[in-house]
There are 2 protein chains.
Amino acid sequence: MGGSVIWHVATSLDGYIAAPDGDVGWVFGHDFPGREAETTPGRIGAIIAGRVWHDECAARDWDVVVPYHGRWSGPIFVLTHRPPDASPLPVTFLTADINLAIRTARDAACGKDVGLFGADIPRQALEAGLLDEIIVHIVPILLGGGRRLCARDGPPIRLVNTQDKDHAAATLALRPEGKR
Amino acid sequence: MGGSVIWHVATSLDGYIAAPDGDVGWVFGHDFPGREAETTPGRIGAIIAGRVWHDECAARDWDVVVPYHGRWSGPIFVLTHRPPDASPLPVTFLTADINLAIRTARDAACGKDVGLFGADIPRQALEAGLLDEIIVHIVPILLGGGRRLCARDGPPIRLVNTQDKDHAAATLALRPEGKR
């Protein structure tokens, strides 16, 4: 065990990880079902995030935006072509390509898995064949636009349920809030 | 019971109902969990679809594209501003607005619910406050682009689980097909 690369992400029902104005507040206040919601933080030994994540966190109180509400500790790498001169966050900047970044994070993960945040870096890992698993929480909201879960050209990427490969899909029965 | 307006739809994980080339073949071959997959056809007394659905079905064999694999029968309305001169399909064209179209379908549904297919017409119903429920099957595939589940401007629309309002979200644990 350990050494896997996990994309841990929450998406709107219509496939966005942030609203058009960048807001991600809609992610909070939901009780995510599945044992993965509980167990994933414990699997992760190091995190790779991107510049968008960094800048959003830097503009807020670290106690609020800290990964997994502070119930997690470990090295956080920010992979970017344009590292800032200084950062208020306890992170390490990397300017490597995705292969080297993942190798660096894996070395730092002490035998645990590497967690990827955001959308752009996980997409790069996916396209490079380096992504082992996606733990995705689907939030019952229609954002209408924003930062896409997976913006890419190229053929569709089929996914398989890691628990039950014959039942990979999910069904949700929803109603608009306020509608009786 | 009866008289509700239900959007019954399958979406890719990244929020598309058709691939960039219009393909919807990726929807098939999945076992959709949840009792809604079984019970929804029986609730529906009439269907409203749009011109995109019509034209895609008209280009194929009706036995293949018939709603619910033929396990359903009832009136099918195609709501469009530009009805074709003729159609090979057993459908009725409507050029009404969304309010009148839903009233027409509800009258034809013999006390059952009205089912909406596609993306554009359900979005109109949602924005007009006429949509009561969304039964959505989330297919484990990343299409990267295509026809969006819900293309709209305006504030986010929050949704509530009809079965369990405290656990409206879903979690999927996935891996890329072919990856061990």
# chains A, B, ... in the order shown; residues from 1 in each chain; ligands from 1

$ closest_atom_pairs --of "chain A" --to "chain B" --cutoff "8 Å" --atoms "only C-alpha atoms" --output "tab-separated table"
residue	atom	partner	partner_atom	distance
A:Leu13	CA	B:Gly15	CA	6.6
A:Asp14	CA	B:Gly15	CA	4.3
A:Gly15	CA	B:Asp14	CA	4.3
A:Tyr16	CA	B:Asp14	CA	7.5
A:His30	CA	B:Ala169	CA	6.9
A:Asp31	CA	B:His167	CA	5.8
A:Phe32	CA	B:Ala169	CA	5.8
A:Pro33	CA	B:Thr171	CA	6.0
A:Gly34	CA	B:Thr171	CA	5.9
A:Glu36	CA	B:Ala173	CA	7.3
A:Ala37	CA	B:Thr171	CA	7.7
A:Leu131	CA	B:Pro176	CA	7.7
A:Asp132	CA	B:Arg175	CA	5.8
A:Glu133	CA	B:Arg175	CA	4.4
A:Ile134	CA	B:Leu174	CA	5.0
A:Ile135	CA	B:Ala173	CA	4.7
A:Val136	CA	B:Leu172	CA	5.4
A:His137	CA	B:Thr171	CA	4.4
A:Ile138	CA	B:Ala170	CA	5.1
A:Val139	CA	B:Ala169	CA	4.9
A:Pro140	CA	B:Leu159	CA	5.2
A:Ile141	CA	B:Arg158	CA	4.5
A:Leu142	CA	B:Ile157	CA	5.1
A:Leu143	CA	B:Pro156	CA	4.4
A:Gly144	CA	B:Arg152	CA	4.9
A:Gly145	CA	B:Ala151	CA	7.1
A:Arg148	CA	B:Asp14	CA	7.6
A:Leu149	CA	B:Asp14	CA	5.9
A:Cys150	CA	B:Gly144	CA	5.9
A:Ala151	CA	B:Gly144	CA	5.4
A:Arg152	CA	B:Gly144	CA	4.9
A:Asp153	CA	B:Gly144	CA	6.1
A:Gly154	CA	B:Gly144	CA	7.4
A:Pro155	CA	B:Leu143	CA	7.2
A:Pro156	CA	B:Leu143	CA	4.4
A:Ile157	CA	B:Leu142	CA	5.1
A:Arg158	CA	B:Ile141	CA	4.5
A:Leu159	CA	B:Pro176	CA	4.5
A:Val160	CA	B:Leu174	CA	5.2
A:Asn161	CA	B:Leu174	CA	4.4
A:Thr162	CA	B:Leu174	CA	5.2
A:Gln163	CA	B:Ala173	CA	7.1
A:Asp166	CA	B:Asp31	CA	7.0
A:His167	CA	B:Asp31	CA	5.8
A:Ala168	CA	B:Pro140	CA	6.3
A:Ala169	CA	B:Val139	CA	4.9
A:Ala170	CA	B:Ile138	CA	5.1
A:Thr171	CA	B:His137	CA	4.4
A:Leu172	CA	B:Val136	CA	5.4
A:Ala173	CA	B:Ile135	CA	4.7
A:Leu174	CA	B:Asn161	CA	4.4
A:Arg175	CA	B:Glu133	CA	4.4
A:Pro176	CA	B:Leu159	CA	4.5
A:Glu177	CA	B:Leu159	CA	5.0
A:Lys179	CA	B:Asp132	CA	6.8
A:Arg180	CA	B:Asp132	CA	7.5

$ closest_residue --among "B:Asp113, B:Ala101, B:Val52, B:Ile76" --to "Gly22 of chain B" --atoms "only C-alpha atoms"
B:Val52

$ residues_around --residues "segment 83-87 of chain B" --least-positions-apart "4" --cutoff "12 Å" --atoms "only C-alpha atoms" --output "PDB file with C-alpha atoms, in the first residue's frame"
ATOM      1  CA  GLY B  50     -36.403  18.857 -27.768  1.00  0.00           C
ATOM      2  CA  ARG B  51     -35.341  19.168 -31.353  1.00  0.00           C
ATOM      3  CA  VAL B  52     -31.822  17.804 -30.688  1.00  0.00           C
ATOM      4  CA  HIS B  54     -35.703  14.343 -32.143  1.00  0.00           C
ATOM      5  CA  ASP B  55     -33.055  14.708 -34.800  1.00  0.00           C
ATOM      6  CA  GLU B  56     -30.699  12.250 -33.115  1.00  0.00           C
ATOM      7  CA  CYS B  57     -33.488   9.672 -32.824  1.00  0.00           C
ATOM      8  CA  ALA B  58     -34.706  10.305 -36.374  1.00  0.00           C
ATOM      9  CA  ALA B  59     -31.237   9.461 -37.665  1.00  0.00           C
ATOM     10  CA  TRP B  62     -36.491   3.772 -33.444  1.00  0.00           C
ATOM     11  CA  PHE B  77     -44.018  15.866 -27.388  1.00  0.00           C
ATOM     12  CA  VAL B  78     -41.156  17.582 -29.182  1.00  0.00           C
ATOM     13  CA  LEU B  79     -40.977  21.232 -28.171  1.00  0.00           C
ATOM     14  CA  VAL B  91     -44.145  12.234 -31.775  1.00  0.00           C
ATOM     15  CA  THR B  92     -46.276  15.386 -31.609  1.00  0.00           C
ATOM     16  CA  PHE B  93     -44.621  18.739 -32.234  1.00  0.00           C
ATOM     17  CA  LEU B  94     -45.333  21.710 -29.984  1.00  0.00           C
ATOM     18  CA  THR B  95     -44.245  25.288 -30.599  1.00  0.00           C
ATOM     19  CA  ALA B  96     -45.647  26.591 -27.302  1.00  0.00           C
TER      20      ALA B  96
END

$ select_by_dssp --residues "segment 68-126 of chain B" --states "helix (DSSP H, G or I)" --output "JSON, numbers by chain"
{"B": [68, 69, 70, 98, 99, 100, 101, 102, 103, 104, 105, 106, 107, 108, 120, 121, 122, 123, 124, 125, 126]}

$ atom_distance --atom1 "atom CA of Gly74 of chain A" --atom2 "atom CA of Gly118 of chain A"
17.7 Å

$ select_by_dssp --residues "segment 23-136 of chain B" --states "strand (DSSP E)" --output "list of chain:residue names"
B:Ile44, B:Gly45, B:Ala46, B:Ile47, B:Ile48, B:Ala49, B:Gly50, B:Ile76, B:Phe77, B:Val78, B:Leu79, B:Thr92, B:Phe93, B:Leu94, B:Asp113, B:Val114, B:Gly115, B:Leu116, B:Glu133, B:Ile134, B:Ile135, B:Val136

$ write_last_selection --atoms "C-alpha atoms" --output "PDB file, in the first residue's frame"
ATOM      1  CA  ILE B  44     -44.096   9.088 -16.335  1.00  0.00           C
ATOM      2  CA  GLY B  45     -47.283   9.533 -18.386  1.00  0.00           C
ATOM      3  CA  ALA B  46     -45.943  11.843 -21.093  1.00  0.00           C
ATOM      4  CA  ILE B  47     -42.522  12.991 -22.284  1.00  0.00           C
ATOM      5  CA  ILE B  48     -41.324  16.356 -23.531  1.00  0.00           C
ATOM      6  CA  ALA B  49     -38.093  16.315 -25.529  1.00  0.00           C
ATOM      7  CA  GLY B  50     -36.403  18.857 -27.768  1.00  0.00           C
ATOM      8  CA  ILE B  76     -44.045  12.126 -26.705  1.00  0.00           C
ATOM      9  CA  PHE B  77     -44.018  15.866 -27.388  1.00  0.00           C
ATOM     10  CA  VAL B  78     -41.156  17.582 -29.182  1.00  0.00           C
ATOM     11  CA  LEU B  79     -40.977  21.232 -28.171  1.00  0.00           C
ATOM     12  CA  THR B  92     -46.276  15.386 -31.609  1.00  0.00           C
ATOM     13  CA  PHE B  93     -44.621  18.739 -32.234  1.00  0.00           C
ATOM     14  CA  LEU B  94     -45.333  21.710 -29.984  1.00  0.00           C
ATOM     15  CA  ASP B 113     -45.920  12.686 -14.094  1.00  0.00           C
ATOM     16  CA  VAL B 114     -44.350  14.552 -17.006  1.00  0.00           C
ATOM     17  CA  GLY B 115     -40.824  13.495 -17.981  1.00  0.00           C
ATOM     18  CA  LEU B 116     -38.363  15.934 -19.515  1.00  0.00           C
ATOM     19  CA  GLU B 133     -37.558  16.641  -9.438  1.00  0.00           C
ATOM     20  CA  ILE B 134     -34.306  15.612 -11.080  1.00  0.00           C
ATOM     21  CA  ILE B 135     -33.466  11.932 -11.418  1.00  0.00           C
ATOM     22  CA  VAL B 136     -29.856  11.979 -12.554  1.00  0.00           C
TER      23      VAL B 136
END

$ closest_residue --among "A:Val64, A:Pro41, A:Trp72, A:His81" --to "Ile121 of chain A" --atoms "only C-alpha atoms"
A:His81

$ closest_residue --among "A:Ala119, A:Val24, A:Ala108, A:Ile98" --to "Thr80 of chain A" --atoms "only C-alpha atoms"
A:Ile98

$ atom_distance --atom1 "atom CA of Leu100 of chain B" --atom2 "atom CA of Pro88 of chain B"
24.8 Å

$ decode --residues "segment 59-150 of chain A" --atoms "C-alpha atoms" --output "PDB file, in the first residue's frame"
ATOM      1  CA  ALA A  59      -6.371  35.429   0.573  1.00  0.00           C
ATOM      2  CA  ARG A  60      -8.149  33.701   3.442  1.00  0.00           C
ATOM      3  CA  ASP A  61      -7.467  32.615   7.012  1.00  0.00           C
ATOM      4  CA  TRP A  62      -5.278  29.485   6.989  1.00  0.00           C
ATOM      5  CA  ASP A  63      -7.268  28.046   9.902  1.00  0.00           C
ATOM      6  CA  VAL A  64     -10.324  28.074   7.630  1.00  0.00           C
ATOM      7  CA  VAL A  65      -8.754  26.758   4.418  1.00  0.00           C
ATOM      8  CA  VAL A  66      -6.201  24.329   5.869  1.00  0.00           C
ATOM      9  CA  PRO A  67      -6.588  20.906   4.193  1.00  0.00           C
ATOM     10  CA  TYR A  68      -9.055  18.617   5.951  1.00  0.00           C
ATOM     11  CA  HIS A  69      -9.838  21.260   8.578  1.00  0.00           C
ATOM     12  CA  GLY A  70      -6.481  20.675  10.243  1.00  0.00           C
ATOM     13  CA  ARG A  71      -7.115  16.972  10.826  1.00  0.00           C
ATOM     14  CA  TRP A  72      -4.226  16.319   8.440  1.00  0.00           C
ATOM     15  CA  SER A  73      -0.582  17.246   8.511  1.00  0.00           C
ATOM     16  CA  GLY A  74       2.181  16.756   5.989  1.00  0.00           C
ATOM     17  CA  PRO A  75       4.090  18.511   3.232  1.00  0.00           C
ATOM     18  CA  ILE A  76       2.064  20.586   0.755  1.00  0.00           C
ATOM     19  CA  PHE A  77       3.649  21.291  -2.629  1.00  0.00           C
ATOM     20  CA  VAL A  78       2.402  24.050  -4.920  1.00  0.00           C
ATOM     21  CA  LEU A  79       3.272  23.237  -8.528  1.00  0.00           C
ATOM     22  CA  THR A  80       3.441  26.391 -10.627  1.00  0.00           C
ATOM     23  CA  HIS A  81       5.438  27.999 -13.425  1.00  0.00           C
ATOM     24  CA  ARG A  82       5.290  31.304 -11.569  1.00  0.00           C
ATOM     25  CA  PRO A  83       5.998  30.923  -7.854  1.00  0.00           C
ATOM     26  CA  PRO A  84       5.338  34.094  -5.853  1.00  0.00           C
ATOM     27  CA  ASP A  85       8.219  35.872  -4.141  1.00  0.00           C
ATOM     28  CA  ALA A  86       6.761  35.045  -0.756  1.00  0.00           C
ATOM     29  CA  SER A  87       3.807  33.167   0.663  1.00  0.00           C
ATOM     30  CA  PRO A  88       1.926  33.321   3.967  1.00  0.00           C
ATOM     31  CA  LEU A  89       1.236  29.589   3.700  1.00  0.00           C
ATOM     32  CA  PRO A  90       3.297  26.609   4.966  1.00  0.00           C
ATOM     33  CA  VAL A  91       3.895  25.268   1.453  1.00  0.00           C
ATOM     34  CA  THR A  92       6.855  24.391  -0.787  1.00  0.00           C
ATOM     35  CA  PHE A  93       6.857  25.639  -4.367  1.00  0.00           C
ATOM     36  CA  LEU A  94       7.828  23.329  -7.228  1.00  0.00           C
ATOM     37  CA  THR A  95       8.402  24.364 -10.833  1.00  0.00           C
ATOM     38  CA  ALA A  96       8.980  20.807 -12.072  1.00  0.00           C
ATOM     39  CA  ASP A  97       6.914  18.941 -14.658  1.00  0.00           C
ATOM     40  CA  ILE A  98       4.116  16.709 -13.391  1.00  0.00           C
ATOM     41  CA  ASN A  99       6.305  13.554 -13.416  1.00  0.00           C
ATOM     42  CA  LEU A 100       9.014  15.052 -11.255  1.00  0.00           C
ATOM     43  CA  ALA A 101       6.483  16.796  -9.021  1.00  0.00           C
ATOM     44  CA  ILE A 102       4.752  13.526  -8.248  1.00  0.00           C
ATOM     45  CA  ARG A 103       8.091  11.790  -7.644  1.00  0.00           C
ATOM     46  CA  THR A 104       9.057  14.572  -5.228  1.00  0.00           C
ATOM     47  CA  ALA A 105       5.741  14.363  -3.386  1.00  0.00           C
ATOM     48  CA  ARG A 106       5.908  10.576  -3.227  1.00  0.00           C
ATOM     49  CA  ASP A 107       9.374  10.757  -1.653  1.00  0.00           C
ATOM     50  CA  ALA A 108       7.984  13.173   0.920  1.00  0.00           C
ATOM     51  CA  ALA A 109       4.867  11.082   1.627  1.00  0.00           C
ATOM     52  CA  CYS A 110       6.754   8.546   3.762  1.00  0.00           C
ATOM     53  CA  GLY A 111       5.127   5.549   2.101  1.00  0.00           C
ATOM     54  CA  LYS A 112       1.653   7.004   2.013  1.00  0.00           C
ATOM     55  CA  ASP A 113      -0.309   8.176  -1.040  1.00  0.00           C
ATOM     56  CA  VAL A 114      -0.019  11.489  -2.864  1.00  0.00           C
ATOM     57  CA  GLY A 115      -3.137  13.674  -2.921  1.00  0.00           C
ATOM     58  CA  LEU A 116      -3.846  16.056  -5.782  1.00  0.00           C
ATOM     59  CA  PHE A 117      -6.099  19.100  -5.328  1.00  0.00           C
ATOM     60  CA  GLY A 118      -7.770  21.293  -7.914  1.00  0.00           C
ATOM     61  CA  ALA A 119      -8.363  20.516 -11.580  1.00  0.00           C
ATOM     62  CA  ASP A 120      -5.377  21.412 -13.751  1.00  0.00           C
ATOM     63  CA  ILE A 121      -2.684  19.347 -12.006  1.00  0.00           C
ATOM     64  CA  PRO A 122      -4.905  16.254 -11.670  1.00  0.00           C
ATOM     65  CA  ARG A 123      -5.768  16.547 -15.370  1.00  0.00           C
ATOM     66  CA  GLN A 124      -2.063  16.614 -16.218  1.00  0.00           C
ATOM     67  CA  ALA A 125      -1.497  13.529 -14.045  1.00  0.00           C
ATOM     68  CA  LEU A 126      -4.467  11.773 -15.645  1.00  0.00           C
ATOM     69  CA  GLU A 127      -3.256  12.487 -19.170  1.00  0.00           C
ATOM     70  CA  ALA A 128       0.276  11.352 -18.241  1.00  0.00           C
ATOM     71  CA  GLY A 129      -1.100   8.045 -16.919  1.00  0.00           C
ATOM     72  CA  LEU A 130       0.056   8.896 -13.406  1.00  0.00           C
ATOM     73  CA  LEU A 131      -3.333   9.118 -11.701  1.00  0.00           C
ATOM     74  CA  ASP A 132      -4.395   5.983  -9.839  1.00  0.00           C
ATOM     75  CA  GLU A 133      -7.661   6.982  -8.231  1.00  0.00           C
ATOM     76  CA  ILE A 134     -10.318   9.687  -8.119  1.00  0.00           C
ATOM     77  CA  ILE A 135     -12.279  10.239  -4.928  1.00  0.00           C
ATOM     78  CA  VAL A 136     -15.014  12.620  -6.010  1.00  0.00           C
ATOM     79  CA  HIS A 137     -17.804  14.110  -3.943  1.00  0.00           C
ATOM     80  CA  ILE A 138     -20.730  15.259  -6.081  1.00  0.00           C
ATOM     81  CA  VAL A 139     -22.439  18.251  -4.533  1.00  0.00           C
ATOM     82  CA  PRO A 140     -26.129  18.743  -5.371  1.00  0.00           C
ATOM     83  CA  ILE A 141     -25.876  22.193  -6.909  1.00  0.00           C
ATOM     84  CA  LEU A 142     -26.041  23.550 -10.448  1.00  0.00           C
ATOM     85  CA  LEU A 143     -23.443  26.297 -10.829  1.00  0.00           C
ATOM     86  CA  GLY A 144     -24.103  26.929 -14.531  1.00  0.00           C
ATOM     87  CA  GLY A 145     -20.435  27.664 -15.230  1.00  0.00           C
ATOM     88  CA  GLY A 146     -17.081  28.258 -13.585  1.00  0.00           C
ATOM     89  CA  ARG A 147     -13.830  26.335 -13.285  1.00  0.00           C
ATOM     90  CA  ARG A 148     -14.361  22.997 -14.978  1.00  0.00           C
ATOM     91  CA  LEU A 149     -13.699  19.691 -13.235  1.00  0.00           C
ATOM     92  CA  CYS A 150     -11.773  18.427 -16.248  1.00  0.00           C
TER      93      CYS A 150
END
